[in-house]
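See below for the structure under consideration.
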Amino acid sequence: MQHLQTSSLTDHRDQPALVFLRMHAVMKITGLGRSTIYRLIASKQFPSPVRLTSHAIAWRSTDIEAWSESRPMAAH
């Protein structure tokens, strides 16, 4: 039986794995709608997606996490 090697994305223990998030996942994580995300991208207030193929785009999870952490906490 051949032992399967873990993904090369996790080979560097000191660096987080690079994960790409498609629009649906970004909407779910941020709570924002599609048009709001694109409006924020246009105004340079949200990370731009990266092109995966000629027809597919996605966001780096690290970019979405950094954007989320930069948001101010809500005051109650």
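Identifiers in the structure tokens: chain A, B, ... in order shown; residue index from 1 per chain; ligand index from 1 in order shown.
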Contacts of stretch 15-28 of chain A at 12 Å or less, counting only C-alpha atoms, minus same-chain residues fewer than 6 places along, as a ChimeraX atom specification?
/A:6-9,34-38,46-52,56-65,67-68
Only N, CA, C and O atoms, please: the residues just picked out, written as a short mmCIF file (atom, residue, chain, number, x, y, z; two decimals), in the first residue's frame.
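Result written to again.cif:
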```cif
data_model
loop_
_atom_site.label_atom_id
_atom_site.label_comp_id
_atom_site.auth_asym_id
_atom_site.auth_seq_id
_atom_site.Cartn_x
_atom_site.Cartn_y
_atom_site.Cartn_z
N THR A 6 1.04 14.31 2.19
CA THR A 6 0.14 15.42 2.44
C THR A 6 0.35 16.50 1.39
O THR A 6 1.39 16.58 0.75
N SER A 7 -0.61 17.35 1.25
CA SER A 7 -0.57 18.43 0.26
C SER A 7 0.64 19.32 0.45
O SER A 7 1.04 19.62 1.57
N SER A 8 1.21 19.76 -0.65
CA SER A 8 2.37 20.65 -0.58
C SER A 8 1.99 22.01 0.01
O SER A 8 2.85 22.77 0.41
N LEU A 9 0.69 22.29 0.07
CA LEU A 9 0.26 23.56 0.67
C LEU A 9 0.54 23.59 2.16
O LEU A 9 0.67 24.64 2.75
N ARG A 34 -23.28 39.86 -3.04
CA ARG A 34 -22.42 39.93 -4.23
C ARG A 34 -22.20 41.36 -4.70
O ARG A 34 -21.06 41.78 -4.94
N SER A 35 -23.26 42.13 -4.83
CA SER A 35 -23.12 43.51 -5.33
C SER A 35 -22.34 44.38 -4.35
O SER A 35 -21.56 45.25 -4.76
N THR A 36 -22.52 44.15 -3.06
CA THR A 36 -21.77 44.91 -2.06
C THR A 36 -20.28 44.59 -2.15
O THR A 36 -19.44 45.49 -2.08
N ILE A 37 -19.96 43.32 -2.32
CA ILE A 37 -18.56 42.92 -2.46
C ILE A 37 -17.93 43.61 -3.66
O ILE A 37 -16.85 44.20 -3.56
N TYR A 38 -18.60 43.58 -4.80
CA TYR A 38 -18.04 44.21 -6.00
C TYR A 38 -17.96 45.73 -5.86
O TYR A 38 -17.03 46.36 -6.34
N PHE A 46 -12.10 46.42 -0.30
CA PHE A 46 -12.22 44.97 -0.15
C PHE A 46 -11.16 44.33 -1.03
O PHE A 46 -10.84 44.86 -2.10
N PRO A 47 -10.61 43.19 -0.61
CA PRO A 47 -9.56 42.55 -1.42
C PRO A 47 -10.06 42.17 -2.82
O PRO A 47 -11.20 41.73 -2.99
N SER A 48 -9.21 42.33 -3.79
CA SER A 48 -9.53 41.92 -5.16
C SER A 48 -9.35 40.41 -5.28
O SER A 48 -8.47 39.82 -4.64
N PRO A 49 -10.16 39.78 -6.11
CA PRO A 49 -9.99 38.34 -6.33
C PRO A 49 -8.79 38.07 -7.23
O PRO A 49 -8.26 38.99 -7.86
N VAL A 50 -8.38 36.83 -7.27
CA VAL A 50 -7.33 36.39 -8.18
C VAL A 50 -7.96 35.49 -9.23
O VAL A 50 -8.97 34.83 -8.98
N ARG A 51 -7.39 35.48 -10.42
CA ARG A 51 -7.91 34.65 -11.51
C ARG A 51 -7.32 33.26 -11.39
O ARG A 51 -6.11 33.08 -11.35
N LEU A 52 -8.20 32.25 -11.31
CA LEU A 52 -7.76 30.86 -11.24
C LEU A 52 -7.66 30.25 -12.64
O LEU A 52 -6.74 29.51 -12.93
N ALA A 56 -12.73 31.52 -13.96
CA ALA A 56 -12.94 31.37 -12.52
C ALA A 56 -12.06 32.34 -11.73
O ALA A 56 -10.87 32.49 -12.02
N ILE A 57 -12.68 32.98 -10.75
CA ILE A 57 -11.96 33.85 -9.82
C ILE A 57 -12.22 33.36 -8.40
O ILE A 57 -13.20 32.67 -8.13
N ALA A 58 -11.33 33.74 -7.51
CA ALA A 58 -11.49 33.39 -6.10
C ALA A 58 -10.66 34.36 -5.27
O ALA A 58 -9.86 35.13 -5.81
N TRP A 59 -10.89 34.34 -3.98
CA TRP A 59 -10.14 35.20 -3.06
C TRP A 59 -9.23 34.33 -2.22
O TRP A 59 -9.58 33.22 -1.84
N ARG A 60 -8.06 34.86 -1.90
CA ARG A 60 -7.17 34.18 -0.95
C ARG A 60 -7.81 34.28 0.43
O ARG A 60 -8.20 35.37 0.86
N SER A 61 -7.87 33.17 1.14
CA SER A 61 -8.48 33.19 2.47
C SER A 61 -7.72 34.14 3.39
O SER A 61 -8.34 34.80 4.24
N THR A 62 -6.41 34.25 3.21
CA THR A 62 -5.63 35.15 4.06
C THR A 62 -6.02 36.61 3.82
O THR A 62 -6.03 37.40 4.77
N ASP A 63 -6.36 36.97 2.58
CA ASP A 63 -6.81 38.34 2.28
C ASP A 63 -8.15 38.62 2.95
O ASP A 63 -8.37 39.72 3.50
N ILE A 64 -9.06 37.65 2.92
CA ILE A 64 -10.38 37.83 3.54
C ILE A 64 -10.23 37.91 5.06
O ILE A 64 -10.87 38.75 5.71
N GLU A 65 -9.37 37.08 5.63
CA GLU A 65 -9.13 37.13 7.08
C GLU A 65 -8.55 38.47 7.50
O GLU A 65 -8.98 39.05 8.50
N TRP A 67 -8.84 41.34 5.94
CA TRP A 67 -9.89 42.35 5.78
C TRP A 67 -10.84 42.30 6.98
O TRP A 67 -11.18 43.33 7.55
N SER A 68 -11.23 41.10 7.36
CA SER A 68 -12.16 40.93 8.47
C SER A 68 -11.56 41.47 9.77
O SER A 68 -12.24 42.16 10.54
#
```
Extract the full set of helix (DSSP H, G or I) residues from chain A according to DSSP on the backbone, and format it as a PDB file with N, CA, C and O atoms, in the first residue's frame.
```pdb
ATOM      1  N   SER A   8       1.215  19.758  -0.653  1.00  0.00           N
ATOM      2  CA  SER A   8       2.365  20.651  -0.580  1.00  0.00           C
ATOM      3  C   SER A   8       1.991  22.006   0.012  1.00  0.00           C
ATOM      4  O   SER A   8       2.848  22.771   0.415  1.00  0.00           O
ATOM      5  N   LEU A   9       0.688  22.290   0.072  1.00  0.00           N
ATOM      6  CA  LEU A   9       0.260  23.556   0.667  1.00  0.00           C
ATOM      7  C   LEU A   9       0.538  23.586   2.163  1.00  0.00           C
ATOM      8  O   LEU A   9       0.669  24.643   2.748  1.00  0.00           O
ATOM      9  N   THR A  10       0.621  22.432   2.797  1.00  0.00           N
ATOM     10  CA  THR A  10       0.841  22.391   4.232  1.00  0.00           C
ATOM     11  C   THR A  10       2.256  21.953   4.590  1.00  0.00           C
ATOM     12  O   THR A  10       2.555  21.722   5.741  1.00  0.00           O
ATOM     13  N   MET A  23     -16.899  32.893  -4.578  1.00  0.00           N
ATOM     14  CA  MET A  23     -17.835  33.952  -4.185  1.00  0.00           C
ATOM     15  C   MET A  23     -18.823  33.500  -3.108  1.00  0.00           C
ATOM     16  O   MET A  23     -19.045  34.213  -2.121  1.00  0.00           O
ATOM     17  N   HIS A  24     -19.407  32.343  -3.267  1.00  0.00           N
ATOM     18  CA  HIS A  24     -20.407  31.887  -2.296  1.00  0.00           C
ATOM     19  C   HIS A  24     -19.812  31.805  -0.894  1.00  0.00           C
ATOM     20  O   HIS A  24     -20.437  32.229   0.085  1.00  0.00           O
ATOM     21  N   ALA A  25     -18.588  31.282  -0.794  1.00  0.00           N
ATOM     22  CA  ALA A  25     -17.934  31.171   0.508  1.00  0.00           C
ATOM     23  C   ALA A  25     -17.611  32.550   1.077  1.00  0.00           C
ATOM     24  O   ALA A  25     -17.772  32.785   2.278  1.00  0.00           O
ATOM     25  N   VAL A  26     -17.156  33.473   0.235  1.00  0.00           N
ATOM     26  CA  VAL A  26     -16.843  34.833   0.681  1.00  0.00           C
ATOM     27  C   VAL A  26     -18.112  35.516   1.193  1.00  0.00           C
ATOM     28  O   VAL A  26     -18.101  36.171   2.234  1.00  0.00           O
ATOM     29  N   MET A  27     -19.211  35.335   0.485  1.00  0.00           N
ATOM     30  CA  MET A  27     -20.481  35.911   0.921  1.00  0.00           C
ATOM     31  C   MET A  27     -20.907  35.334   2.273  1.00  0.00           C
ATOM     32  O   MET A  27     -21.352  36.066   3.163  1.00  0.00           O
ATOM     33  N   LYS A  28     -20.730  34.044   2.445  1.00  0.00           N
ATOM     34  CA  LYS A  28     -21.119  33.397   3.699  1.00  0.00           C
ATOM     35  C   LYS A  28     -20.231  33.852   4.858  1.00  0.00           C
ATOM     36  O   LYS A  28     -20.713  34.149   5.945  1.00  0.00           O
ATOM     37  N   ILE A  29     -18.925  33.936   4.615  1.00  0.00           N
ATOM     38  CA  ILE A  29     -17.982  34.334   5.664  1.00  0.00           C
ATOM     39  C   ILE A  29     -18.181  35.789   6.080  1.00  0.00           C
ATOM     40  O   ILE A  29     -18.163  36.110   7.266  1.00  0.00           O
ATOM     41  N   THR A  30     -18.357  36.684   5.090  1.00  0.00           N
ATOM     42  CA  THR A  30     -18.439  38.113   5.394  1.00  0.00           C
ATOM     43  C   THR A  30     -19.847  38.583   5.726  1.00  0.00           C
ATOM     44  O   THR A  30     -20.009  39.624   6.356  1.00  0.00           O
ATOM     45  N   ARG A  34     -23.277  39.862  -3.044  1.00  0.00           N
ATOM     46  CA  ARG A  34     -22.417  39.927  -4.229  1.00  0.00           C
ATOM     47  C   ARG A  34     -22.196  41.364  -4.702  1.00  0.00           C
ATOM     48  O   ARG A  34     -21.062  41.781  -4.935  1.00  0.00           O
ATOM     49  N   SER A  35     -23.261  42.131  -4.829  1.00  0.00           N
ATOM     50  CA  SER A  35     -23.115  43.506  -5.334  1.00  0.00           C
ATOM     51  C   SER A  35     -22.342  44.381  -4.349  1.00  0.00           C
ATOM     52  O   SER A  35     -21.563  45.247  -4.763  1.00  0.00           O
ATOM     53  N   THR A  36     -22.524  44.149  -3.063  1.00  0.00           N
ATOM     54  CA  THR A  36     -21.770  44.909  -2.056  1.00  0.00           C
ATOM     55  C   THR A  36     -20.283  44.586  -2.146  1.00  0.00           C
ATOM     56  O   THR A  36     -19.441  45.490  -2.084  1.00  0.00           O
ATOM     57  N   ILE A  37     -19.959  43.319  -2.323  1.00  0.00           N
ATOM     58  CA  ILE A  37     -18.557  42.919  -2.458  1.00  0.00           C
ATOM     59  C   ILE A  37     -17.930  43.610  -3.662  1.00  0.00           C
ATOM     60  O   ILE A  37     -16.853  44.196  -3.557  1.00  0.00           O
ATOM     61  N   TYR A  38     -18.596  43.577  -4.803  1.00  0.00           N
ATOM     62  CA  TYR A  38     -18.035  44.213  -5.995  1.00  0.00           C
ATOM     63  C   TYR A  38     -17.960  45.735  -5.855  1.00  0.00           C
ATOM     64  O   TYR A  38     -17.029  46.363  -6.344  1.00  0.00           O
ATOM     65  N   ARG A  39     -18.924  46.344  -5.157  1.00  0.00           N
ATOM     66  CA  ARG A  39     -18.872  47.788  -4.924  1.00  0.00           C
ATOM     67  C   ARG A  39     -17.678  48.135  -4.033  1.00  0.00           C
ATOM     68  O   ARG A  39     -16.968  49.117  -4.279  1.00  0.00           O
ATOM     69  N   LEU A  40     -17.430  47.331  -2.999  1.00  0.00           N
ATOM     70  CA  LEU A  40     -16.288  47.564  -2.121  1.00  0.00           C
ATOM     71  C   LEU A  40     -14.964  47.343  -2.855  1.00  0.00           C
ATOM     72  O   LEU A  40     -13.992  48.072  -2.621  1.00  0.00           O
ATOM     73  N   ILE A  41     -14.903  46.368  -3.737  1.00  0.00           N
ATOM     74  CA  ILE A  41     -13.695  46.151  -4.543  1.00  0.00           C
ATOM     75  C   ILE A  41     -13.427  47.371  -5.407  1.00  0.00           C
ATOM     76  O   ILE A  41     -12.290  47.851  -5.482  1.00  0.00           O
ATOM     77  N   ALA A  42     -14.472  47.882  -6.043  1.00  0.00           N
ATOM     78  CA  ALA A  42     -14.323  49.046  -6.924  1.00  0.00           C
ATOM     79  C   ALA A  42     -13.822  50.273  -6.167  1.00  0.00           C
ATOM     80  O   ALA A  42     -13.071  51.081  -6.714  1.00  0.00           O
ATOM     81  N   SER A  61      -7.870  33.171   1.137  1.00  0.00           N
ATOM     82  CA  SER A  61      -8.480  33.189   2.473  1.00  0.00           C
ATOM     83  C   SER A  61      -7.722  34.137   3.393  1.00  0.00           C
ATOM     84  O   SER A  61      -8.340  34.800   4.240  1.00  0.00           O
ATOM     85  N   THR A  62      -6.413  34.248   3.210  1.00  0.00           N
ATOM     86  CA  THR A  62      -5.625  35.155   4.055  1.00  0.00           C
ATOM     87  C   THR A  62      -6.023  36.610   3.823  1.00  0.00           C
ATOM     88  O   THR A  62      -6.031  37.404   4.766  1.00  0.00           O
ATOM     89  N   ASP A  63      -6.363  36.970   2.584  1.00  0.00           N
ATOM     90  CA  ASP A  63      -6.814  38.336   2.284  1.00  0.00           C
ATOM     91  C   ASP A  63      -8.151  38.621   2.955  1.00  0.00           C
ATOM     92  O   ASP A  63      -8.367  39.715   3.497  1.00  0.00           O
ATOM     93  N   ILE A  64      -9.056  37.647   2.920  1.00  0.00           N
ATOM     94  CA  ILE A  64     -10.381  37.828   3.541  1.00  0.00           C
ATOM     95  C   ILE A  64     -10.232  37.914   5.058  1.00  0.00           C
ATOM     96  O   ILE A  64     -10.871  38.750   5.708  1.00  0.00           O
ATOM     97  N   GLU A  65      -9.371  37.077   5.632  1.00  0.00           N
ATOM     98  CA  GLU A  65      -9.133  37.127   7.078  1.00  0.00           C
ATOM     99  C   GLU A  65      -8.548  38.471   7.498  1.00  0.00           C
ATOM    100  O   GLU A  65      -8.981  39.046   8.501  1.00  0.00           O
ATOM    101  N   ALA A  66      -7.579  38.976   6.744  1.00  0.00           N
ATOM    102  CA  ALA A  66      -6.965  40.273   7.064  1.00  0.00           C
ATOM    103  C   ALA A  66      -7.994  41.390   6.957  1.00  0.00           C
ATOM    104  O   ALA A  66      -8.038  42.297   7.807  1.00  0.00           O
ATOM    105  N   TRP A  67      -8.841  41.343   5.937  1.00  0.00           N
ATOM    106  CA  TRP A  67      -9.889  42.353   5.779  1.00  0.00           C
ATOM    107  C   TRP A  67     -10.838  42.297   6.980  1.00  0.00           C
ATOM    108  O   TRP A  67     -11.178  43.330   7.553  1.00  0.00           O
ATOM    109  N   SER A  68     -11.230  41.103   7.356  1.00  0.00           N
ATOM    110  CA  SER A  68     -12.155  40.929   8.474  1.00  0.00           C
ATOM    111  C   SER A  68     -11.561  41.469   9.775  1.00  0.00           C
ATOM    112  O   SER A  68     -12.237  42.155  10.540  1.00  0.00           O
ATOM    113  N   GLU A  69     -10.276  41.154  10.006  1.00  0.00           N
ATOM    114  CA  GLU A  69      -9.621  41.624  11.229  1.00  0.00           C
ATOM    115  C   GLU A  69      -9.440  43.133  11.258  1.00  0.00           C
ATOM    116  O   GLU A  69      -9.344  43.732  12.333  1.00  0.00           O
ATOM    117  N   SER A  70      -9.426  43.771  10.080  1.00  0.00           N
ATOM    118  CA  SER A  70      -9.247  45.222  10.026  1.00  0.00           C
ATOM    119  C   SER A  70     -10.543  45.980  10.282  1.00  0.00           C
ATOM    120  O   SER A  70     -10.525  47.196  10.463  1.00  0.00           O
TER     121      SER A  70
END
```
As a ChimeraX atom specification, which residues of chain A does DSSP assign to strand (DSSP E or B)?
/A:20-21,50-51,57-60
